[in-house]
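K.L.:
Quick one, entry05.cif (mmCIF, C-alpha atoms):
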```
data_structure
#
loop_
_atom_site.label_atom_id
_atom_site.label_comp_id
_atom_site.auth_asym_id
_atom_site.auth_seq_id
_atom_site.Cartn_x
_atom_site.Cartn_y
_atom_site.Cartn_z
CA MET A 1 92.63 123.91 104.27
CA TYR A 2 96.02 122.73 105.48
CA GLN A 3 98.40 125.29 106.99
CA PHE A 4 102.05 125.79 106.09
CA PRO A 5 104.53 126.68 108.82
CA ARG A 6 106.67 129.75 108.33
CA PRO A 7 109.89 129.10 106.38
CA LEU A 8 113.05 128.66 108.40
CA HIS A 9 115.12 131.84 108.56
CA LYS A 10 118.85 132.33 108.95
CA GLY A 11 120.05 132.03 112.52
CA ALA A 12 116.82 130.31 113.62
CA THR A 13 116.65 127.87 116.50
CA ILE A 14 116.19 124.22 115.54
CA GLY A 15 115.00 121.70 118.08
CA VAL A 16 116.31 118.15 117.65
CA ILE A 17 114.24 115.35 119.16
CA ALA A 18 114.17 111.55 119.24
CA PRO A 19 110.48 110.58 119.32
CA SER A 20 111.19 107.07 118.00
CA SER A 21 114.56 105.32 118.24
CA ALA A 22 117.87 106.67 119.52
CA ALA A 23 120.82 107.58 117.29
CA HIS A 24 124.41 106.44 117.46
CA ARG A 25 126.44 109.02 119.37
CA LYS A 26 128.96 109.74 116.58
CA GLN A 27 126.29 110.22 113.92
CA ALA A 28 124.29 112.46 116.24
CA GLN A 29 127.34 114.63 116.98
CA GLU A 30 128.22 114.95 113.30
CA GLY A 31 124.66 115.86 112.31
CA LEU A 32 124.35 118.46 115.06
CA ALA A 33 127.70 119.97 114.07
CA TYR A 34 126.46 120.21 110.46
CA LEU A 35 123.44 122.28 111.56
CA GLU A 36 125.58 124.53 113.74
CA ASN A 37 128.00 125.08 110.87
CA ARG A 38 125.07 126.31 108.78
CA GLY A 39 124.50 129.02 111.38
CA TYR A 40 121.55 127.61 113.30
CA ARG A 41 121.14 127.62 117.05
CA LEU A 42 120.19 124.25 118.52
CA LYS A 43 118.15 122.90 121.36
CA THR A 44 118.53 119.17 121.86
CA ALA A 45 116.39 116.71 123.78
CA PRO A 46 118.38 114.73 126.37
CA ASN A 47 117.42 111.32 124.94
CA LEU A 48 118.92 111.59 121.45
CA THR A 49 121.39 108.75 122.07
CA ARG A 50 119.88 107.11 125.15
CA ARG A 51 118.37 103.73 124.38
CA LYS A 52 115.68 101.69 126.02
CA HIS A 53 115.97 98.62 123.80
CA TYR A 54 114.81 99.88 120.36
CA LEU A 55 113.34 103.12 121.73
CA ALA A 56 114.92 106.44 122.70
CA GLY A 57 113.61 106.10 126.23
CA ASN A 58 110.20 105.12 127.49
CA ASP A 59 106.95 106.42 126.01
CA LYS A 60 106.43 109.05 128.72
CA LEU A 61 109.88 110.53 128.18
CA ARG A 62 109.62 110.67 124.38
CA LEU A 63 106.12 112.13 124.57
CA HIS A 64 107.27 114.79 127.05
CA TRP A 65 110.09 116.10 124.86
CA LEU A 66 107.97 115.96 121.71
CA GLU A 67 105.26 118.14 123.24
CA HIS A 68 107.77 120.36 125.04
CA PHE A 69 109.66 121.19 121.85
CA ILE A 70 106.50 121.83 119.84
CA LEU A 71 105.27 124.24 122.53
CA ASP A 72 108.62 126.00 123.04
CA PRO A 73 108.22 129.48 121.47
CA GLU A 74 112.00 129.81 121.03
CA ILE A 75 112.14 126.79 118.70
CA ASP A 76 111.42 127.72 115.09
CA ALA A 77 111.62 124.21 113.62
CA ILE A 78 112.08 120.61 114.70
CA ILE A 79 114.24 118.11 112.85
CA CYS A 80 114.15 114.55 114.14
CA ILE A 81 117.43 112.81 114.93
CA ARG A 82 116.30 109.60 113.16
CA GLY A 83 113.30 107.32 112.63
CA GLY A 84 113.31 103.70 113.74
CA TYR A 85 110.20 102.82 115.70
CA GLY A 86 108.07 104.23 118.48
CA LEU A 87 105.61 106.89 117.36
CA LEU A 88 102.68 104.50 116.95
CA ARG A 89 102.99 103.94 120.70
CA ILE A 90 102.38 107.60 121.56
CA ILE A 91 100.43 109.44 118.84
CA ASP A 92 97.17 108.76 120.70
CA LYS A 93 98.69 110.18 123.89
CA ILE A 94 99.65 113.55 122.40
CA ASP A 95 97.49 116.40 123.75
CA TYR A 96 96.69 118.04 120.42
CA ASN A 97 94.45 120.60 122.13
CA ARG A 98 97.58 122.26 123.50
CA PHE A 99 98.63 123.17 119.95
CA THR A 100 95.37 124.50 118.51
CA ASP A 101 96.03 128.18 119.28
CA MET A 102 99.61 128.26 118.01
CA PRO A 103 100.91 128.59 114.46
CA PRO A 104 102.09 125.38 112.78
CA LYS A 105 105.60 124.32 113.70
CA LEU A 106 107.95 123.18 110.96
CA ILE A 107 108.74 119.49 111.59
CA VAL A 108 111.10 117.43 109.42
CA GLY A 109 111.62 113.66 109.32
CA TYR A 110 110.67 110.50 107.47
CA SER A 111 110.30 106.75 108.04
CA ASP A 112 108.71 106.33 111.51
CA ILE A 113 108.10 110.09 111.65
CA THR A 114 105.35 109.46 109.06
CA ALA A 115 102.97 108.58 111.91
CA LEU A 116 103.51 111.94 113.60
CA GLN A 117 103.19 113.89 110.35
CA MET A 118 99.93 112.16 109.44
CA ALA A 119 98.52 112.71 112.94
CA LEU A 120 99.38 116.43 112.96
CA LEU A 121 97.94 116.82 109.47
CA ALA A 122 94.74 115.01 110.45
CA LYS A 123 94.24 116.61 113.88
CA LEU A 124 95.58 120.13 113.31
CA GLY A 125 95.96 120.59 109.56
CA TRP A 126 99.70 121.20 109.88
CA VAL A 127 101.80 120.66 106.78
CA GLY A 128 104.81 118.50 107.69
CA TYR A 129 108.04 117.94 105.79
CA THR A 130 109.13 114.43 104.94
CA GLY A 131 112.84 114.94 104.52
CA PRO A 132 116.38 114.25 105.80
CA MET A 133 117.12 113.73 109.49
CA VAL A 134 120.03 114.79 111.65
CA ALA A 135 121.87 111.53 112.34
CA SER A 136 120.50 109.51 109.43
CA ASP A 137 121.38 111.94 106.65
CA MET A 138 123.38 114.96 107.88
CA SER A 139 126.22 112.99 109.45
CA GLY A 140 129.16 111.96 107.29
CA GLN A 141 128.67 112.99 103.66
CA PHE A 142 125.27 114.62 103.23
CA ASP A 143 124.24 113.92 99.64
CA PRO A 144 124.25 117.23 97.71
CA TYR A 145 120.96 116.53 95.93
CA SER A 146 119.13 115.77 99.19
CA GLU A 147 120.80 118.73 100.88
CA GLU A 148 119.77 121.13 98.13
CA TRP A 149 116.14 120.04 98.17
CA LEU A 150 115.86 120.14 101.97
CA TRP A 151 116.97 123.74 102.31
CA LYS A 152 115.13 124.85 99.16
CA VAL A 153 111.84 123.59 100.55
CA ILE A 154 112.05 124.50 104.26
CA THR A 155 113.78 127.90 104.01
CA ASN A 156 111.49 129.26 101.29
CA HIS A 157 107.96 128.95 100.00
CA PRO A 158 109.27 128.18 96.48
CA TYR A 159 105.88 127.41 95.01
CA PRO A 160 104.86 126.43 92.44
CA LEU A 161 107.70 123.92 92.66
CA ASN A 162 108.48 121.32 90.03
CA LEU A 163 109.74 118.15 91.75
CA GLN A 164 112.60 116.74 89.71
CA ASN A 165 114.45 113.45 90.04
CA PRO A 166 118.26 113.41 89.85
CA THR A 167 119.60 113.65 86.30
CA GLY A 168 119.61 110.26 84.60
CA ASP A 169 117.14 108.71 87.07
CA GLU A 170 113.82 109.26 85.38
CA MET A 171 110.35 108.76 86.81
CA VAL A 172 108.35 105.93 85.26
CA VAL A 173 104.71 106.13 84.20
CA TYR A 174 102.85 102.99 85.20
CA ARG A 175 99.50 104.47 84.16
CA PRO A 176 98.93 107.80 82.37
CA GLY A 177 96.62 110.58 83.37
CA ASN A 178 96.36 113.92 85.13
CA ALA A 179 95.26 114.60 88.71
CA GLU A 180 95.42 117.18 91.47
CA GLY A 181 94.98 116.98 95.23
CA PRO A 182 96.65 117.28 98.63
CA LEU A 183 99.84 115.24 99.04
CA VAL A 184 99.44 112.57 101.73
CA GLY A 185 101.62 109.61 102.63
CA GLY A 186 105.08 108.55 103.66
CA CYS A 187 106.38 105.19 104.76
CA LEU A 188 103.81 102.59 103.69
CA SER A 189 104.13 100.37 106.78
CA LEU A 190 103.32 103.42 108.94
CA ILE A 191 100.39 104.50 106.77
CA THR A 192 98.45 101.24 106.89
CA PRO A 193 98.14 101.04 110.72
CA LEU A 194 96.56 104.51 110.72
CA LEU A 195 93.81 103.70 108.22
CA GLY A 196 90.37 103.99 109.81
CA THR A 197 91.73 106.00 112.76
CA GLU A 198 91.45 109.70 113.60
CA TYR A 199 95.19 110.04 112.95
CA MET A 200 94.94 109.50 109.20
CA PRO A 201 94.10 112.53 107.01
CA ASP A 202 91.18 112.41 104.62
CA LEU A 203 92.23 110.57 101.46
CA LYS A 204 89.32 111.74 99.33
CA GLY A 205 90.94 113.21 96.22
CA ALA A 206 94.43 112.96 97.71
CA VAL A 207 97.64 112.21 95.86
CA LEU A 208 99.13 109.30 97.82
CA VAL A 209 102.91 108.94 97.94
CA VAL A 210 104.45 105.82 99.51
CA GLU A 211 107.83 104.15 100.00
CA ASP A 212 109.33 101.59 102.38
CA ILE A 213 112.43 99.72 103.42
CA GLY A 214 113.24 96.20 104.55
CA GLU A 215 109.76 94.78 104.11
CA LYS A 216 109.72 91.20 102.90
CA THR A 217 108.05 90.91 99.53
CA TYR A 218 104.93 89.25 100.88
CA HIS A 219 104.72 91.93 103.60
CA LEU A 220 104.72 94.59 100.91
CA ASP A 221 102.04 92.62 99.08
CA LYS A 222 99.99 92.64 102.27
CA GLN A 223 100.44 96.38 102.81
CA LEU A 224 99.17 97.16 99.32
CA HIS A 225 96.14 94.94 99.79
CA ILE A 226 95.42 96.58 103.15
CA LEU A 227 95.12 99.83 101.21
CA ARG A 228 92.77 98.11 98.77
CA LEU A 229 90.61 96.56 101.48
CA HIS A 230 90.25 99.95 103.19
CA GLY A 231 88.96 101.45 99.95
CA VAL A 232 91.94 103.77 99.56
CA PHE A 233 92.18 103.22 95.81
CA GLU A 234 88.55 104.24 95.43
CA GLU A 235 89.31 107.63 97.03
CA ILE A 236 92.71 108.86 95.87
CA SER A 237 93.25 110.87 92.70
CA ALA A 238 96.80 109.64 91.98
CA LEU A 239 99.49 107.33 93.31
CA ILE A 240 103.20 108.14 93.45
CA LEU A 241 105.62 105.34 94.29
CA GLY A 242 109.00 106.11 95.76
CA HIS A 243 111.69 103.49 96.33
CA PHE A 244 111.15 100.19 98.13
CA VAL A 245 114.63 99.51 99.45
CA ASN A 246 115.59 95.91 100.20
CA CYS A 247 112.03 94.77 99.59
CA PHE A 248 112.61 92.76 96.43
CA PRO A 249 115.25 90.07 95.74
CA LYS A 250 117.93 90.92 93.19
CA ASN A 251 116.80 87.95 91.11
CA SER A 252 113.33 88.99 89.93
CA LYS A 253 112.48 85.37 89.12
CA ARG A 254 112.37 84.60 92.85
CA SER A 255 109.48 86.94 93.58
CA PHE A 256 106.72 89.09 92.19
CA THR A 257 107.88 92.46 90.90
CA LEU A 258 106.42 95.84 91.82
CA PRO A 259 104.61 96.17 88.45
CA GLU A 260 103.06 92.72 89.03
CA PHE A 261 101.85 93.83 92.46
CA LEU A 262 100.36 96.94 90.89
CA ASP A 263 98.63 94.89 88.20
CA ASP A 264 96.97 92.82 90.91
CA VAL A 265 96.01 95.56 93.35
CA ILE A 266 95.12 98.60 91.20
CA GLY A 267 94.51 97.07 87.80
CA ASP A 268 90.81 97.92 87.93
CA TYR A 269 91.28 101.61 88.78
CA ASN A 270 92.07 104.46 86.41
CA PHE A 271 93.99 107.10 88.39
CA PRO A 272 97.50 108.06 87.19
CA VAL A 273 100.44 106.19 88.73
CA ILE A 274 104.10 107.26 88.70
CA SER A 275 106.96 105.13 90.05
CA ASN A 276 110.71 105.51 90.56
CA PHE A 277 110.10 108.84 92.30
CA ALA A 278 113.19 110.14 94.16
CA TYR A 279 111.70 109.58 97.58
CA GLY A 280 112.30 107.02 100.30
CA HIS A 281 115.14 105.52 102.32
CA ILE A 282 117.67 106.52 99.68
CA ARG A 283 120.65 108.90 99.56
CA LYS A 284 119.26 111.13 96.83
CA ARG A 285 115.83 112.05 98.15
CA LEU A 286 113.40 114.90 97.72
CA THR A 287 111.92 116.81 100.65
CA LEU A 288 108.13 116.91 100.33
CA PRO A 289 105.56 119.14 102.09
CA LEU A 290 102.83 116.72 103.14
CA GLY A 291 99.47 118.43 102.91
CA ALA A 292 100.52 120.72 100.06
CA ARG A 293 98.49 120.65 96.88
CA VAL A 294 100.14 118.81 94.00
CA ARG A 295 99.38 118.43 90.31
CA VAL A 296 100.38 115.19 88.60
CA GLU A 297 100.83 114.93 84.82
CA THR A 298 102.26 112.04 82.82
CA ASP A 299 102.71 113.34 79.26
CA PRO A 300 105.35 114.53 79.88
CA VAL A 301 105.90 113.47 83.49
CA LYS A 302 105.51 116.41 85.85
CA ILE A 303 104.79 116.67 89.58
CA GLU A 304 104.22 120.26 90.71
CA VAL A 305 103.64 121.49 94.27
CA PHE A 306 101.56 124.49 95.32
CA ASN A 307 101.10 126.15 98.69
CA ILE A 308 97.34 126.58 98.47
#
```
Starting from the file, give its structure as structure tokens.
P.N.:
Amino acid sequence: MYQFPRPLHKGATIGVIAPSSAAHRKQAQEGLAYLENRGYRLKTAPNLTRRKHYLAGNDKLRLHWLEHFILDPEIDAIICIRGGYGLLRIIDKIDYNRFTDMPPKLIVGYSDITALQMALLAKLGWVGYTGPMVASDMSGQFDPYSEEWLWKVITNHPYPLNLQNPTGDEMVVYRPGNAEGPLVGGCLSLITPLLGTEYMPDLKGAVLVVEDIGEKTYHLDKQLHILRLHGVFEEISALILGHFVNCFPKNSKRSFTLPEFLDDVIGDYNFPVISNFAYGHIRKRLTLPLGARVRVETDPVKIEVFNI
């Protein structure tokens, strides 16, 4: 049974870390100011804007602040400054035994943070929240839809919760059916490297949700077939597809389309599949509790989240 962290309360202390790449200084400042203006106290890691090439410092430094903030009893939740790259370098170096006697900590992020969320779910059973990040989303104009869903999900246990796309942007049924299981997934190119390792949660009966950004079309093709070759489609109960940003050319005649990929890779399976889900590297995005139990229906389309 996966464990939910306690909801975030008013005036709580939020820790902001950079376990992957560093943020631009202006975006970091704007995002931190946004959280302070909402009444939260902040603790910030010292490497939020300090770069070592494409990383926010070396592996030892990023690992130190990640573990330190998780263990800090004064920190009620952690929201990552941004994604980028770097967690695959350190998830096998985290001392998970240090966290076994503490309650789950609320951790928010997406993209590269997928690797951390899957590892904590697999090793400790901690539900993690794939949602907006401090510099990436809270700086500048935070989209109202994304903002609403973030605070709805992490400051309450609003379950059962019906996940709804923005008005006028409907989900698409690729294959009908009903299913139920724990929600597992995130950024596809972070999921596939974890397959077959101890850092990937059990996919038996799971509802898999995936999205990605900037993958060339043939790379996305490869990622989907990696799932197939690992037997993922023989285990999951449903598949939910978010957005694949900048993965397909604007002229569909120059490449395979997503439905064509699906025809090739899951055509022989019978689990329900929903696409155009408001999730991914997009402005209007849902916040999802990974590890929560979800029910998928397609007539009509409905994705409902439970906390048991």
K.L.:
One decimal, in Å: what's the spacing between atom CA of Arg283 of chain A and atom CA of Ala12 of chain A?
P.N.:
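These two atoms are separated by 25.9 Å.
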K.L.:
Rounded to one decimal, what separation in Å do you get between atom CA of Gly128 of chain A and atom CA of Gly196 of chain A?
P.N.:
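Distance between the two atoms: 20.6 Å.
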K.L.:
Report, in Å to a single decimal, how far apart atom CA of Ile303 of chain A and atom CA of Pro176 of chain A are.
P.N.:
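Computed distance, atom CA of Pro176 of chain A to atom CA of Ile303 of chain A, equals 12.8 Å.
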K.L.:
Would you please work out which residue, of A:Ile81, A:Leu66, A:Val305, A:Ala292, is nearest to Leu121 of chain A when using all atoms listed in the file?
P.N.:
A:Ala292
K.L.:
Smallest atom-to-atom distance to Gly31 of chain A: which of A:Asp92, A:Asp137, A:Glu67, A:Glu198, using only C-alpha atoms?
P.N.:
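The shortest atom-to-atom distance to Gly31 of chain A comes from A:Asp137.
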K.L.:
Taking only C-alpha atoms into account, which of A:Ile282, A:Ile90, A:Ile154, A:Ala115 comes nearest Cys187 of chain A?
P.N.:
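Closest residue, counting only C-alpha atoms: A:Ala115.
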K.L.:
Extract, using all atoms listed in the file, all DNA, RNA and protein residues at most 10 Å from Arg285 of chain A, discarding same-chain residues fewer than 6 positions from it, and format them as number ranges by chain.
P.N.:
A: 130-132, 143-150, 165-166, 242-243, 277-279
K.L.:
Need to verify the contact set: Thr155 of chain A, 8 Å, all atoms listed in the file, exclusion of same-chain residues closer than 6 positions in sequence. Can you return it as a list in words?
P.N.:
Pro7, Leu8 and His9 of chain A
K.L.:
Can you tell me which residues surround Asp76 of chain A at a distance of at most 12 Å, considering all atoms listed in the file, apart from same-chain residues fewer than 6 positions away, and format the answer as a PyMOL selection string?
P.N.:
chain A and resi 5-16+40-43+69-70+103-108+154-155
K.L.:
Just checking: using only C-alpha atoms, which residue out of A:Ile266, A:Ala45, A:Ile91, A:Ala119 ends up closest to His225 of chain A?
P.N.:
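Closest residue, counting only C-alpha atoms: A:Ile266.
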K.L.:
When the PyMOL selection byres ((chain A and resi 197) around 12) is applied to the structure above, which residues does it catch, written out as an NGL selection string?
P.N.:
:A and (88 or 91-92 or 115 or 118-119 or 122-123 or 191-196 or 198-202 or 230)
K.L.:
Just say which residues the PyMOL selection byres ((chain A and resi 209) around 10) picks in this file, as a short mmCIF file (atom, residue, chain, number, x, y, z; two decimals) with C-alpha atoms, in the coordinates of the input.
P.N.:
```
data_model
loop_
_atom_site.label_atom_id
_atom_site.label_comp_id
_atom_site.auth_asym_id
_atom_site.auth_seq_id
_atom_site.Cartn_x
_atom_site.Cartn_y
_atom_site.Cartn_z
CA LEU A 183 99.84 115.24 99.04
CA VAL A 184 99.44 112.57 101.73
CA GLY A 185 101.62 109.61 102.63
CA GLY A 186 105.08 108.55 103.66
CA CYS A 187 106.38 105.19 104.76
CA LEU A 188 103.81 102.59 103.69
CA ALA A 206 94.43 112.96 97.71
CA VAL A 207 97.64 112.21 95.86
CA LEU A 208 99.13 109.30 97.82
CA VAL A 210 104.45 105.82 99.51
CA GLU A 211 107.83 104.15 100.00
CA ALA A 238 96.80 109.64 91.98
CA LEU A 239 99.49 107.33 93.31
CA ILE A 240 103.20 108.14 93.45
CA LEU A 241 105.62 105.34 94.29
CA GLY A 242 109.00 106.11 95.76
CA VAL A 273 100.44 106.19 88.73
CA ILE A 274 104.10 107.26 88.70
CA SER A 275 106.96 105.13 90.05
CA PHE A 277 110.10 108.84 92.30
CA TYR A 279 111.70 109.58 97.58
CA GLY A 280 112.30 107.02 100.30
CA LEU A 288 108.13 116.91 100.33
CA LEU A 290 102.83 116.72 103.14
#
```
K.L.:
Could you give me the axis-aligned bounding box of segment 33-49 of chain A, with 5 Å of padding per side, as centre plus edge lengths in Å to one decimal, as AutoDock Vina command-line options?
P.N.:
```
--center_x 122.2 --center_y 118.9 --center_z 117.6 --size_x 21.6 --size_y 30.3 --size_z 27.6
```
K.L.:
Would you kindly translate the PyMOL selection byres ((chain A and resi 24) around 10) into the concrete residues it picks from this file, as a ChimeraX atom specification?
P.N.:
/A:21-23,25-29,48-51,81-82,135-136
K.L.:
Pick out the closest residue to Glu235 of chain A from this set: A:Thr167, A:Thr100, A:Ser252, A:Asn270. Count all atoms listed in the file.
P.N.:
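Closest candidate: A:Asn270.
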